[in-house]
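To keep things clear, I will list the structure first and then write my remarks on it.
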Amino acid sequence: MESMQSFIIGIVVVSITLIIGIYIASTIQGTFTASTAAANAAASVVTALSNGTPWITILVVVGFAVIVLGMLTSGFGRVTEGPVY
Amino acid sequence: MENTKNMNALILAVLVVGITLVIGIYITAQLQTTFRDYSSAAVVNESNPKPTSAGISLNAVYAEGGACGSVTEIYNGTGGMLIGLGNITQSGCTVVNTTSMLPYTANWLWTYPYTFRGETNSSIAAGQVTDSLGTGAPWLTIIIVVSLATVVLGYLVNAYRKEDSKEVLY
């Protein structure tokens, strides 16, 4: 149960941090003169960070799948502990 | 008693996860709105119907966050005759006629400024993350079903185990 809570809090924190990071990099990019090395570098950072957003979907799906599978295996694990003689 | 404790912890955990997820989605959606860039543009000679007493909508209202400025010029769709602004009353992007304006044709050409919200890299990313977190919501149903099924199975298994234990005593 605790792992489920820490997982979702982690995902939300990562998501918000990622968005704010993209915003900061994008704002920094806007302060530089267009097409300078600094502006290009900031744009690369924005692109790189933006590539991380689709992974949030994968993290959410895989994370929840792991939780559900964990519940199933722990539930069936108890069932298959064997008869009590 | 053990199963009841498990069930309480389970319900609490699902609630915490659900609320955290919703708050996360809300925050990222708000960030998306905040990170959009407000831009202004002008429409020149946009063809729209002649206003009625019920009012017509200028097309800028359909842009993301579109807000219309005051109409600056109106021309008749046929012949290009200038129409006085006193013939209309404007409220946002809705225009209502103040006179019947029978001499004019069905379509008018409208010129007006408007503002809209454009997407930025940050707002697009926030939107994607909002969608990503949204994919987590249906999993809560699965977690509730699976975990409650596990609790029910636990009750059943415990009951059968007790029966088995009694049988072994004979």
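For the structure tokens, the naming scheme is as follows: chains receive sequential letters (A, B, ...) according to their order of presentation, residues are indexed from 1 within each chain, and ligands are indexed from 1 in presentation order.
Residues of chain A having any atom within 6 Å of chain B, counting only C-alpha atoms, are Met1, Gln5, Val12, Ile19, Ile22, Tyr23, Ser50, Thr53, Ile56, Thr57, Val60, Val68 and Gly75 of chain A.
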(message) Neighbouring residues of stretch 41-52 of chain B were defined as those with any atom within 6 Å, considering only C-alpha atoms; residues of the same chain fewer than 2 positions away were excluded. Please report them as a PyMOL selection string.
(response) chain B and resi 54-56+96-97+106-114
(request) May I ask for the distance between atom CA of B:Ser70 and atom CA of B:Gly86, given in Å to one decimal place? (result) 12.3 Å
(request) List every residue of chain B that DSSP, applied to the backbone of this structure, places in strand (DSSP E or B), and write the result as a VMD selection string. (result) chain B and resid 37 to 49 56 to 57 67 to 68 73 to 76 82 88 to 91 94 to 97 107 to 118
(message) List as a ChimeraX atom specification the protein and nucleic acid residues near A:Ser26, meaning an atom at most 7 Å away when only C-alpha atoms are counted, but skip any in the same chain fewer than 5 places from it.
(response) /A:42-43,46
Nearby residues (only C-alpha atoms) at most 8 Å from A:Val45, same-chain spacing under 4 positions excluded, as a PDB file with all heavy atoms, in the first residue's frame:
```
ATOM      1  N   ILE A  22      11.092  22.284 -18.321  1.00  0.00           N
ATOM      2  CA  ILE A  22      10.903  22.673 -19.729  1.00  0.00           C
ATOM      3  C   ILE A  22      10.580  24.164 -19.820  1.00  0.00           C
ATOM      4  O   ILE A  22      11.107  24.877 -20.669  1.00  0.00           O
ATOM      5  CB  ILE A  22       9.782  21.828 -20.383  1.00  0.00           C
ATOM      6  CG1 ILE A  22      10.237  20.376 -20.510  1.00  0.00           C
ATOM      7  CG2 ILE A  22       9.403  22.379 -21.750  1.00  0.00           C
ATOM      8  CD1 ILE A  22       9.130  19.411 -20.880  1.00  0.00           C
ATOM      9  N   ALA A  25      13.782  26.196 -19.118  1.00  0.00           N
ATOM     10  CA  ALA A  25      14.683  26.150 -20.273  1.00  0.00           C
ATOM     11  C   ALA A  25      14.134  26.975 -21.432  1.00  0.00           C
ATOM     12  O   ALA A  25      14.878  27.684 -22.125  1.00  0.00           O
ATOM     13  CB  ALA A  25      14.885  24.698 -20.709  1.00  0.00           C
ATOM     14  N   ALA A  41      21.475  25.932 -27.648  1.00  0.00           N
ATOM     15  CA  ALA A  41      21.671  24.970 -26.554  1.00  0.00           C
ATOM     16  C   ALA A  41      20.419  24.875 -25.694  1.00  0.00           C
ATOM     17  O   ALA A  41      19.970  23.768 -25.333  1.00  0.00           O
ATOM     18  CB  ALA A  41      22.871  25.395 -25.714  1.00  0.00           C
ATOM     19  N   LEU A  49      14.181  17.609 -22.910  1.00  0.00           N
ATOM     20  CA  LEU A  49      13.259  17.411 -21.780  1.00  0.00           C
ATOM     21  C   LEU A  49      11.858  17.042 -22.280  1.00  0.00           C
ATOM     22  O   LEU A  49      11.171  16.226 -21.663  1.00  0.00           O
ATOM     23  CB  LEU A  49      13.193  18.671 -20.914  1.00  0.00           C
ATOM     24  CG  LEU A  49      14.439  19.007 -20.095  1.00  0.00           C
ATOM     25  CD1 LEU A  49      14.257  20.308 -19.343  1.00  0.00           C
ATOM     26  CD2 LEU A  49      14.763  17.889 -19.104  1.00  0.00           C
TER      27      LEU A  49
END
```
